[in-house]
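Colleague: Have a peek at run-v7.tsv (TSV, C-alpha atoms).
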```
chain	number	residue	atom	x	y	z
Q	318	MET	CA	-41.68	258.20	17.26
Q	319	PRO	CA	-40.79	257.48	20.86
Q	320	ARG	CA	-37.99	259.53	22.31
Q	321	ARG	CA	-34.48	258.14	22.45
Q	322	VAL	CA	-35.07	255.41	19.91
Q	323	LEU	CA	-32.53	255.70	17.11
Q	324	SER	CA	-30.69	258.45	18.90
Q	325	TYR	CA	-27.05	257.71	19.02
Q	326	ASN	CA	-26.79	259.52	22.32
Q	327	GLN	CA	-27.55	256.19	23.95
Q	328	MET	CA	-23.98	255.22	23.28
Q	329	VAL	CA	-22.77	258.36	24.87
Q	330	VAL	CA	-22.42	259.28	28.49
Q	331	ASP	CA	-22.83	262.97	27.93
Q	332	ALA	CA	-23.72	266.21	29.65
Q	333	LEU	CA	-21.33	265.62	32.50
Q	334	PRO	CA	-17.66	265.80	31.82
Q	335	ASP	CA	-16.43	262.26	32.28
Q	336	GLU	CA	-14.31	261.52	35.31
Q	337	ALA	CA	-11.05	261.71	33.43
Q	338	VAL	CA	-11.88	265.17	32.09
Q	339	SER	CA	-12.90	266.38	35.55
Q	340	ARG	CA	-9.65	265.08	37.01
Q	341	LEU	CA	-7.74	266.81	34.24
Q	342	PHE	CA	-9.37	270.19	34.89
Q	343	HIS	CA	-9.04	269.78	38.62
Q	344	ALA	CA	-5.33	269.04	38.21
Q	345	LEU	CA	-4.79	272.06	35.96
Q	346	ALA	CA	-6.80	274.46	38.13
Q	347	ASP	CA	-3.91	275.01	40.54
Q	348	SER	CA	-0.87	277.18	39.80
Q	349	THR	CA	1.54	275.06	41.88
Q	350	ARG	CA	0.49	271.95	39.99
Q	351	ARG	CA	0.90	273.69	36.66
Q	352	ASP	CA	4.36	274.74	37.76
Q	353	ILE	CA	5.24	271.19	38.83
Q	354	LEU	CA	4.05	269.99	35.46
Q	355	ARG	CA	6.22	272.54	33.69
Q	356	ARG	CA	9.28	271.52	35.69
Q	357	ALA	CA	8.59	267.84	35.17
Q	358	ALA	CA	8.21	268.41	31.42
Q	359	ALA	CA	11.70	269.93	31.38
Q	360	GLY	CA	13.09	266.69	32.77
Q	361	GLU	CA	12.59	264.01	35.35
Q	362	LEU	CA	12.90	265.28	38.90
Q	363	SER	CA	12.46	264.08	42.45
Q	364	VAL	CA	9.72	265.00	44.88
Q	365	SER	CA	12.27	266.15	47.44
Q	366	ARG	CA	13.85	268.53	44.91
Q	367	LEU	CA	10.40	269.81	44.03
Q	368	ALA	CA	9.64	270.36	47.71
Q	369	GLU	CA	12.67	272.65	47.98
Q	370	ALA	CA	11.21	274.85	45.26
Q	371	TYR	CA	7.95	275.68	47.04
Q	372	PRO	CA	7.15	277.25	50.39
Q	373	MET	CA	5.19	274.23	51.51
Q	374	SER	CA	5.72	270.93	53.20
Q	375	PHE	CA	7.04	267.81	51.51
Q	376	ALA	CA	3.65	266.18	52.18
Q	377	ALA	CA	1.82	269.05	50.47
Q	378	VAL	CA	4.02	268.76	47.38
Q	379	GLN	CA	3.53	265.01	47.40
Q	380	LYS	CA	-0.21	265.58	47.44
Q	381	HIS	CA	-0.01	267.87	44.40
Q	382	VAL	CA	2.02	265.25	42.57
Q	383	ALA	CA	-0.62	262.65	43.44
Q	384	VAL	CA	-3.36	264.83	41.91
Q	385	LEU	CA	-1.30	265.20	38.73
Q	386	ALA	CA	-0.73	261.46	38.66
Q	387	ASP	CA	-4.47	260.80	39.08
Q	388	ALA	CA	-5.13	262.97	36.04
Q	389	GLY	CA	-2.62	260.92	34.07
Q	390	LEU	CA	-0.31	263.89	33.60
Q	391	VAL	CA	2.72	262.59	35.45
Q	392	SER	CA	4.01	259.23	36.53
Q	393	LYS	CA	5.85	258.48	39.74
Q	394	GLU	CA	8.65	256.02	40.08
Q	395	ARG	CA	10.47	255.02	43.23
Q	396	ARG	CA	14.21	254.79	42.83
Q	397	GLY	CA	15.99	253.99	46.05
Q	398	ARG	CA	14.88	256.56	48.60
Q	399	GLU	CA	13.82	259.00	45.94
Q	400	GLN	CA	10.47	259.39	44.27
Q	401	LEU	CA	10.91	260.53	40.69
Q	402	VAL	CA	8.28	262.44	38.77
Q	403	SER	CA	8.06	262.62	35.00
Q	404	THR	CA	5.38	263.79	32.59
Q	405	THR	CA	3.53	261.16	30.64
Q	406	PRO	CA	3.59	261.30	26.87
Q	407	ASP	CA	-0.20	261.22	26.57
Q	408	ALA	CA	-0.77	264.76	27.86
Q	409	VAL	CA	-1.91	265.82	24.39
Q	410	GLU	CA	-4.22	262.85	24.25
Q	411	GLN	CA	-5.77	263.94	27.54
Q	412	ALA	CA	-6.60	267.35	26.14
Q	413	HIS	CA	-7.99	265.77	22.98
Q	414	ARG	CA	-10.17	263.54	25.07
Q	415	ALA	CA	-11.73	266.54	26.76
Q	416	LEU	CA	-12.68	267.93	23.35
Q	417	ASP	CA	-14.02	264.56	22.17
Q	418	ALA	CA	-16.26	264.39	25.25
Q	419	LEU	CA	-17.57	267.88	24.51
Q	420	ALA	CA	-18.40	266.90	20.92
Q	421	GLU	CA	-20.29	263.84	22.16
Q	422	THR	CA	-22.25	265.95	24.61
Q	423	TRP	CA	-23.47	268.21	21.82
Q	424	ALA	CA	-24.22	265.34	19.46
Q	425	GLY	CA	-26.52	263.92	22.13
Q	426	ARG	CA	-28.18	267.27	22.77
Q	427	LEU	CA	-28.84	267.94	19.09
Q	428	ASN	CA	-30.42	264.52	18.69
Q	429	ARG	CA	-32.69	265.12	21.65
Q	430	MET	CA	-33.65	268.55	20.27
Q	431	SER	CA	-34.57	266.92	17.00
Q	432	ASP	CA	-36.69	264.31	18.80
Q	433	LEU	CA	-38.49	267.01	20.78
Q	434	LEU	CA	-39.25	269.07	17.68
Q	435	ARG	CA	-40.67	266.02	15.95
Q	436	GLN	CA	-42.87	265.24	18.96
Q	437	ASP	CA	-43.96	268.81	19.49
Q	438	LYS	CA	-45.31	269.54	16.00
Q	439	PRO	CA	-47.41	272.73	16.17
Q	440	GLY	CA	-50.53	270.74	15.24
Q	441	ASN	CA	-50.12	268.49	18.27
Q	442	LEU	CA	-49.85	271.33	20.63
Q	443	PRO	CA	-53.00	273.06	21.89
Q	444	GLY	CA	-51.11	275.67	23.92
Q	445	ALA	CA	-47.53	276.62	24.55
Q	446	GLY	CA	-47.89	276.27	28.31
Q	447	LYS	CA	-48.76	272.60	28.19
Q	448	ASN	CA	-45.50	271.20	26.97
Q	449	ARG	CA	-44.60	269.51	30.18
Q	450	HIS	CA	-47.93	267.73	30.28
Q	451	GLU	CA	-47.57	266.76	26.65
Q	452	ARG	CA	-44.19	265.27	27.30
Q	453	GLU	CA	-45.31	263.29	30.29
Q	454	THR	CA	-48.08	261.64	28.37
Q	455	HIS	CA	-45.65	260.30	25.79
T	968	MET	CA	-30.57	262.44	11.52
T	969	SER	CA	-30.41	266.09	12.41
T	970	VAL	CA	-26.69	266.32	13.15
T	971	LYS	CA	-24.91	267.09	9.91
T	972	ARG	CA	-21.40	267.22	11.18
T	973	ILE	CA	-19.25	268.03	14.15
T	974	ASP	CA	-15.82	269.49	13.50
T	975	LYS	CA	-13.20	269.40	16.21
T	976	ASP	CA	-10.32	271.81	16.19
T	977	TYR	CA	-7.72	270.49	18.58
T	978	ASP	CA	-5.52	273.55	18.18
T	979	THR	CA	-8.12	276.03	19.36
T	980	LEU	CA	-9.99	273.47	21.53
T	981	THR	CA	-13.22	274.34	19.78
T	982	ILE	CA	-15.97	272.21	18.33
T	983	ARG	CA	-18.44	273.33	15.69
T	984	ALA	CA	-21.67	271.36	15.31
T	985	LEU	CA	-23.98	271.79	12.35
T	986	ALA	CA	-27.54	270.47	12.47
T	987	GLU	CA	-30.73	270.83	10.49
T	988	PHE	CA	-34.21	270.80	11.94
T	989	GLU	CA	-37.56	270.49	10.20
T	990	ALA	CA	-38.96	273.40	12.19
T	991	ALA	CA	-38.84	277.16	11.84
T	992	PRO	CA	-36.17	279.08	13.79
T	993	GLU	CA	-38.88	280.39	16.15
T	994	ARG	CA	-39.69	276.85	17.25
T	995	VAL	CA	-36.05	275.86	17.57
T	996	TRP	CA	-35.46	279.00	19.63
T	997	GLU	CA	-38.23	277.88	22.02
T	998	LEU	CA	-36.07	274.87	22.93
T	999	TRP	CA	-33.72	277.34	24.61
T	1000	ALA	CA	-36.17	280.06	25.63
T	1001	ASP	CA	-38.76	277.83	27.32
T	1002	PRO	CA	-37.26	276.33	30.49
T	1003	ARG	CA	-39.57	273.30	30.33
T	1004	LYS	CA	-38.45	272.56	26.79
T	1005	LEU	CA	-34.82	273.14	27.71
T	1006	GLU	CA	-35.20	270.45	30.38
T	1007	GLY	CA	-36.25	268.06	27.65
T	1008	TRP	CA	-32.86	268.01	25.94
T	1009	TRP	CA	-30.10	269.64	28.02
T	1010	GLY	CA	-29.32	266.57	30.10
T	1011	PRO	CA	-29.27	263.01	28.78
T	1012	PRO	CA	-32.03	260.64	29.95
T	1013	THR	CA	-29.70	259.34	32.66
T	1014	TYR	CA	-28.97	262.88	33.93
T	1015	PRO	CA	-32.18	264.87	33.40
T	1016	ALA	CA	-31.93	268.60	33.96
T	1017	THR	CA	-34.25	270.74	36.06
T	1018	VAL	CA	-34.09	274.45	35.34
T	1019	ARG	CA	-34.44	276.82	38.29
T	1020	GLU	CA	-33.67	280.39	37.26
T	1021	HIS	CA	-34.14	281.23	33.61
T	1022	SER	CA	-33.34	284.76	32.57
T	1023	LEU	CA	-32.43	284.63	28.91
T	1024	VAL	CA	-31.32	288.25	28.52
T	1025	PRO	CA	-27.81	289.71	28.16
T	1026	GLY	CA	-26.23	289.60	31.61
T	1027	GLY	CA	-28.93	287.23	32.84
T	1028	SER	CA	-28.38	283.81	34.29
T	1029	VAL	CA	-29.85	280.39	33.94
T	1030	THR	CA	-29.33	277.92	36.76
T	1031	TYR	CA	-30.13	274.25	36.68
T	1032	PHE	CA	-29.30	270.94	38.28
T	1033	MET	CA	-28.94	267.49	36.82
T	1034	THR	CA	-29.91	264.38	38.72
T	1035	GLY	CA	-27.77	261.30	38.21
T	1036	PRO	CA	-28.98	257.69	38.29
T	1037	ASP	CA	-27.77	257.37	41.89
T	1038	GLY	CA	-29.74	260.47	42.92
T	1039	GLN	CA	-26.64	262.64	43.00
T	1040	ILE	CA	-27.29	266.30	42.12
T	1041	TYR	CA	-24.99	268.32	39.86
T	1042	HIS	CA	-25.51	272.07	39.79
T	1043	GLY	CA	-24.84	274.14	36.70
T	1044	TRP	CA	-25.15	277.71	35.50
T	1045	TRP	CA	-25.18	279.80	32.37
T	1046	ALA	CA	-23.93	283.37	32.27
T	1047	VAL	CA	-25.93	284.73	29.36
T	1048	GLN	CA	-23.98	287.06	27.10
T	1049	GLN	CA	-25.76	287.78	23.85
T	1050	VAL	CA	-29.43	287.22	22.97
T	1051	ASP	CA	-30.95	287.97	19.58
T	1052	ALA	CA	-34.17	285.93	19.29
T	1053	PRO	CA	-34.63	283.79	17.25
T	1054	ARG	CA	-31.21	284.05	15.64
T	1055	GLN	CA	-28.34	284.07	18.07
T	1056	LEU	CA	-27.51	283.21	21.66
T	1057	SER	CA	-24.21	283.03	23.49
T	1058	PHE	CA	-23.45	282.07	27.06
T	1059	ARG	CA	-20.88	280.51	29.36
T	1060	ASP	CA	-21.79	277.21	30.96
T	1061	GLY	CA	-20.19	275.83	34.09
T	1062	PHE	CA	-20.67	273.86	37.29
T	1063	ALA	CA	-21.46	275.07	40.78
T	1064	ASP	CA	-21.43	273.79	44.34
T	1065	GLN	CA	-24.57	273.00	46.30
T	1066	ASP	CA	-24.78	276.62	47.50
T	1067	GLY	CA	-24.42	278.02	43.99
T	1068	THR	CA	-20.72	278.95	44.20
T	1069	ARG	CA	-19.18	278.55	40.79
T	1070	ARG	CA	-16.57	275.81	40.64
T	1071	ASP	CA	-13.27	276.68	39.07
T	1072	ASP	CA	-11.91	273.15	38.99
T	1073	MET	CA	-14.46	272.01	36.45
T	1074	PRO	CA	-14.48	272.99	32.80
T	1075	VAL	CA	-16.32	276.16	31.77
T	1076	THR	CA	-17.39	276.26	28.15
T	1077	GLU	CA	-18.37	279.14	25.90
T	1078	VAL	CA	-21.32	278.40	23.64
T	1079	THR	CA	-22.58	280.37	20.64
T	1080	VAL	CA	-25.76	279.24	18.91
T	1081	THR	CA	-26.72	280.61	15.49
T	1082	LEU	CA	-30.04	279.73	13.85
T	1083	THR	CA	-30.75	280.42	10.18
T	1084	ALA	CA	-34.01	279.78	8.31
T	1085	ARG	CA	-33.41	277.33	5.46
T	1086	ASP	CA	-35.89	275.58	3.16
T	1087	GLY	CA	-38.76	275.92	5.64
T	1088	GLY	CA	-36.57	274.51	8.39
T	1089	THR	CA	-33.62	275.70	10.43
T	1090	ALA	CA	-29.90	275.33	10.07
T	1091	ALA	CA	-28.26	275.48	13.47
T	1092	GLU	CA	-24.60	276.11	14.16
T	1093	ILE	CA	-23.30	275.58	17.67
T	1094	VAL	CA	-19.73	276.56	18.46
T	1095	THR	CA	-18.39	275.47	21.83
T	1096	SER	CA	-14.95	275.95	23.31
T	1097	PHE	CA	-13.30	275.61	26.68
T	1098	ALA	CA	-13.37	279.03	28.31
T	1099	ASP	CA	-10.06	278.61	30.09
T	1100	ARG	CA	-8.05	277.54	27.11
T	1101	THR	CA	-4.72	278.68	28.51
T	1102	GLN	CA	-4.47	275.71	30.88
T	1103	MET	CA	-5.30	273.26	28.14
T	1104	GLU	CA	-3.11	275.02	25.60
T	1105	GLU	CA	-0.23	274.89	28.03
T	1106	LEU	CA	-0.83	271.20	28.45
T	1107	ILE	CA	-0.84	270.66	24.70
T	1108	SER	CA	2.29	272.69	24.12
T	1109	MET	CA	4.09	270.76	26.87
T	1110	GLY	CA	2.95	267.53	25.32
T	1111	ALA	CA	4.11	268.75	21.94
T	1112	VAL	CA	7.54	269.58	23.33
T	1113	GLU	CA	7.71	266.16	24.86
T	1114	GLY	CA	6.55	264.54	21.63
T	1115	ALA	CA	9.31	266.36	19.78
T	1116	ALA	CA	11.87	265.23	22.36
T	1117	GLU	CA	10.68	261.67	21.89
T	1118	ALA	CA	10.95	261.91	18.13
T	1119	MET	CA	14.48	263.26	18.56
T	1120	SER	CA	15.50	260.39	20.79
T	1121	GLN	CA	14.04	257.95	18.30
T	1122	MET	CA	16.07	259.64	15.61
T	1123	ASP	CA	19.14	259.33	17.78
T	1124	ALA	CA	18.44	255.65	18.19
T	1125	ILE	CA	18.05	255.17	14.43
T	1126	LEU	CA	21.24	257.09	13.72
T	1127	ALA	CA	23.09	255.14	16.38
T	1128	SER	CA	22.00	251.81	14.93
T	1129	ALA	CA	22.81	252.85	11.34
```
With the file now loaded, output its structure as structure tokens.
Modeller:
Amino acid sequence: MPRRVLSYNQMVVDALPDEAVSRLFHALADSTRRDILRRAAAGELSVSRLAEAYPMSFAAVQKHVAVLADAGLVSKERRGREQLVSTTPDAVEQAHRALDALAETWAGRLNRMSDLLRQDKPGNLPGAGKNRHERETH
Amino acid sequence: MSVKRIDKDYDTLTIRALAEFEAAPERVWELWADPRKLEGWWGPPTYPATVREHSLVPGGSVTYFMTGPDGQIYHGWWAVQQVDAPRQLSFRDGFADQDGTRRDDMPVTEVTVTLTARDGGTAAEIVTSFADRTQMEELISMGAVEGAAEAMSQMDAILASA
């Protein structure tokens, strides 16, 4: 049987975490951003108030908020001269998505393993060192 | 179909995949132990993997890269923890920069593979979880708090309209 045919991994973009998952991990990999997220979860707050809480520039805080917004963890809203930050209700969904992507990755891998084992029956294989050649001739 | 089931545990951020293969555990083990065979399944056809280092011993490391359709290279690594051929293997899997520096802004997963001989074939169990669960758990608990707050405000609204 030719490889890939019938494998449901064709429907799946696997092996690499999808962009959304990467953005999520990138956003969570920084302690300031996690702290911003915690504060925002406690209630809506403005970027200027956030900036007072950290020993960094307003622009730096704004940048952190932008990374969180890119990951879908917070939303920004302009109200007058203020920029308000609040957490989005789909934070749980984001984490679930990361796990779903991981499950898809392994489903694809297991299907490919199965295909390889079917192709590489011991009888078809003159020597263990020739697998690469075998595969290329398929 | 070799994949029997994949269970997802959202609380512990762990997935458990069960598969059956019509091959003895020794042959299934070769899919991990032989770098050329590993290349045949680790990456999907659109992101084929090329294995560079391959030291499948406790404390050893496996390094690889995957090549995307646009020619972009993604580097990855395993930190091998436990090896008991042909029964059990555990390792951490993550991403690296071009120069091999491990990236901490990409997910690291912990993988444990268990192979058991069954009816002339092999039952495989693969348990994978995010290594840095605290970040994700924090995210979930914050979301849960928020979800509860939302439910409360909905309740308020219902009570107010009653």
Colleague: Around (-28.4, 278.3, 14.1), as given in the file, which residues come within 12 Å? Count all atoms listed in the file and list them as a ChimeraX atom specification.
Modeller: /Q:427 /T:983-988,990-996,999,1051-1057,1078-1085,1088-1094
Colleague: As a VMD selection string, please: the residues near stretch 1009-1025 of chain T (cut-off 10 Å, all atoms listed in the file, same-chain neighbours under 3 positions excluded).
Modeller: (chain Q and resid 320 to 321 326 to 327 329 to 333 422 to 423 425 to 427 429 to 430) or (chain T and resid 998 to 1006 1028 to 1052 1056 to 1058)
Colleague: If we count only C-alpha atoms and set the cut-off at 9 Å, which residues sit around T:Glu989, ignoring sequence neighbours fewer than 3 positions away in its own chain? Please answer as a ChimeraX atom specification.
Modeller: /Q:431,434-435 /T:969,1086-1089
Colleague: To one decimal place in Å, what is the distance between atom CA of Q:Arg351 and atom CA of T:Asp974?
Modeller: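 We find that atom CA of Q:Arg351 and atom CA of T:Asp974 lie 28.9 Å from each other.
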Colleague: Which residues, written as a ChimeraX atom specification, have at least one atom at most 12 Å from Q:Asp387, with all atoms listed in the file counted and residues fewer than 3 positions away on the same chain left out?
Modeller: /Q:336-345,380-384,390-393,405
Colleague: Enter the distance from atom CA of Q:Ala412 to atom CA of T:Tyr977, in Å, rounded to one decimal.
Modeller: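 Distance between the two atoms: 8.3 Å.
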Colleague: Let me make sure I understand: among Q:Ala377, Q:Val364, Q:Ala388, Q:Ala346, which one has the smallest atom-to-atom distance to chain T if we use all atoms listed in the file?
Modeller: Q:Ala346
Colleague: Quick one: distance from atom CA of Q:Asn428 to atom CA of T:Val970 in Å, one decimal?
Modeller: 6.9 Å
Colleague: Ranking Q:Ser403, Q:Gln436, Q:Ser374, Q:Gln411 by minimum distance to Q:Leu354 and counting all atoms listed in the file, which one comes first?
Modeller: Q:Ser403
Colleague: Q:Met373, Q:Val378, Q:Asp407, Q:Val402: which is nearest chain T, counting all atoms listed in the file?
Modeller: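 Closest candidate: Q:Asp407.
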Colleague: Which of these residues is nearest to Q:Asp432, using all atoms listed in the file: T:Arg1100, T:Trp1008, T:Asp1066, T:Pro1074?
Modeller: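 Result for the nearest residue to Q:Asp432: T:Trp1008.
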Colleague: Could you add the missing atoms to stretch 385-406 of chain Q, up to N, CA, C and O atoms, and return them as a JSON list (two decimals), in the frame of the given file?
Modeller:
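What ended up in out-v8.json:
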```json
[["chain", "number", "residue", "atom", "x", "y", "z"],
["Q", 385, "LEU", "N", -1.77, 265.23, 40.12],
["Q", 385, "LEU", "CA", -1.30, 265.20, 38.73],
["Q", 385, "LEU", "C", -1.23, 263.77, 38.20],
["Q", 385, "LEU", "O", -1.57, 263.50, 37.05],
["Q", 386, "ALA", "N", -0.82, 262.87, 39.06],
["Q", 386, "ALA", "CA", -0.73, 261.46, 38.66],
["Q", 386, "ALA", "C", -2.11, 260.87, 38.41],
["Q", 386, "ALA", "O", -2.32, 260.13, 37.44],
["Q", 387, "ASP", "N", -3.08, 261.26, 39.25],
["Q", 387, "ASP", "CA", -4.47, 260.80, 39.08],
["Q", 387, "ASP", "C", -5.04, 261.24, 37.74],
["Q", 387, "ASP", "O", -5.85, 260.55, 37.13],
["Q", 388, "ALA", "N", -4.63, 262.43, 37.31],
["Q", 388, "ALA", "CA", -5.13, 262.97, 36.04],
["Q", 388, "ALA", "C", -4.37, 262.37, 34.86],
["Q", 388, "ALA", "O", -4.66, 262.68, 33.71],
["Q", 389, "GLY", "N", -3.39, 261.56, 35.14],
["Q", 389, "GLY", "CA", -2.62, 260.92, 34.07],
["Q", 389, "GLY", "C", -1.58, 261.84, 33.45],
["Q", 389, "GLY", "O", -1.09, 261.58, 32.36],
["Q", 390, "LEU", "N", -1.25, 262.92, 34.18],
["Q", 390, "LEU", "CA", -0.31, 263.89, 33.60],
["Q", 390, "LEU", "C", 1.14, 263.60, 33.95],
["Q", 390, "LEU", "O", 2.05, 263.98, 33.21],
["Q", 391, "VAL", "N", 1.35, 262.99, 35.09],
["Q", 391, "VAL", "CA", 2.72, 262.59, 35.45],
["Q", 391, "VAL", "C", 2.71, 261.14, 35.93],
["Q", 391, "VAL", "O", 1.66, 260.60, 36.28],
["Q", 392, "SER", "N", 3.88, 260.55, 35.91],
["Q", 392, "SER", "CA", 4.01, 259.23, 36.53],
["Q", 392, "SER", "C", 5.08, 259.32, 37.61],
["Q", 392, "SER", "O", 5.97, 260.15, 37.55],
["Q", 393, "LYS", "N", 4.90, 258.50, 38.63],
["Q", 393, "LYS", "CA", 5.85, 258.48, 39.74],
["Q", 393, "LYS", "C", 6.61, 257.16, 39.70],
["Q", 393, "LYS", "O", 6.04, 256.13, 39.38],
["Q", 394, "GLU", "N", 7.87, 257.25, 40.05],
["Q", 394, "GLU", "CA", 8.65, 256.02, 40.08],
["Q", 394, "GLU", "C", 9.58, 256.09, 41.28],
["Q", 394, "GLU", "O", 10.22, 257.11, 41.53],
["Q", 395, "ARG", "N", 9.59, 255.03, 42.06],
["Q", 395, "ARG", "CA", 10.47, 255.02, 43.23],
["Q", 395, "ARG", "C", 11.83, 254.49, 42.81],
["Q", 395, "ARG", "O", 11.94, 253.46, 42.15],
["Q", 396, "ARG", "N", 12.86, 255.26, 43.12],
["Q", 396, "ARG", "CA", 14.21, 254.79, 42.83],
["Q", 396, "ARG", "C", 15.03, 254.99, 44.10],
["Q", 396, "ARG", "O", 15.35, 256.12, 44.47],
["Q", 397, "GLY", "N", 15.30, 253.90, 44.76],
["Q", 397, "GLY", "CA", 15.99, 253.99, 46.05],
["Q", 397, "GLY", "C", 15.11, 254.74, 47.03],
["Q", 397, "GLY", "O", 13.93, 254.43, 47.18],
["Q", 398, "ARG", "N", 15.66, 255.78, 47.64],
["Q", 398, "ARG", "CA", 14.88, 256.56, 48.60],
["Q", 398, "ARG", "C", 14.16, 257.72, 47.93],
["Q", 398, "ARG", "O", 13.43, 258.45, 48.57],
["Q", 399, "GLU", "N", 14.40, 257.88, 46.67],
["Q", 399, "GLU", "CA", 13.82, 259.00, 45.94],
["Q", 399, "GLU", "C", 12.55, 258.60, 45.21],
["Q", 399, "GLU", "O", 12.42, 257.46, 44.76],
["Q", 400, "GLN", "N", 11.64, 259.59, 45.09],
["Q", 400, "GLN", "CA", 10.47, 259.39, 44.27],
["Q", 400, "GLN", "C", 10.60, 260.32, 43.07],
["Q", 400, "GLN", "O", 10.66, 261.53, 43.22],
["Q", 401, "LEU", "N", 10.68, 259.72, 41.89],
["Q", 401, "LEU", "CA", 10.91, 260.53, 40.69],
["Q", 401, "LEU", "C", 9.61, 260.80, 39.95],
["Q", 401, "LEU", "O", 8.75, 259.92, 39.85],
["Q", 402, "VAL", "N", 9.50, 262.02, 39.46],
["Q", 402, "VAL", "CA", 8.28, 262.44, 38.77],
["Q", 402, "VAL", "C", 8.63, 262.77, 37.32],
["Q", 402, "VAL", "O", 9.57, 263.50, 37.06],
["Q", 403, "SER", "N", 7.87, 262.23, 36.39],
["Q", 403, "SER", "CA", 8.06, 262.62, 35.00],
["Q", 403, "SER", "C", 6.71, 262.76, 34.32],
["Q", 403, "SER", "O", 5.73, 262.13, 34.71],
["Q", 404, "THR", "N", 6.65, 263.61, 33.30],
["Q", 404, "THR", "CA", 5.38, 263.79, 32.59],
["Q", 404, "THR", "C", 5.13, 262.58, 31.71],
["Q", 404, "THR", "O", 6.06, 261.94, 31.24],
["Q", 405, "THR", "N", 3.88, 262.30, 31.49],
["Q", 405, "THR", "CA", 3.53, 261.16, 30.64],
["Q", 405, "THR", "C", 3.34, 261.66, 29.21],
["Q", 405, "THR", "O", 2.92, 262.79, 29.00],
["Q", 406, "PRO", "N", 3.66, 260.83, 28.25],
["Q", 406, "PRO", "CA", 3.59, 261.30, 26.87],
["Q", 406, "PRO", "C", 2.17, 261.51, 26.35],
["Q", 406, "PRO", "O", 1.98, 262.06, 25.28]]
```
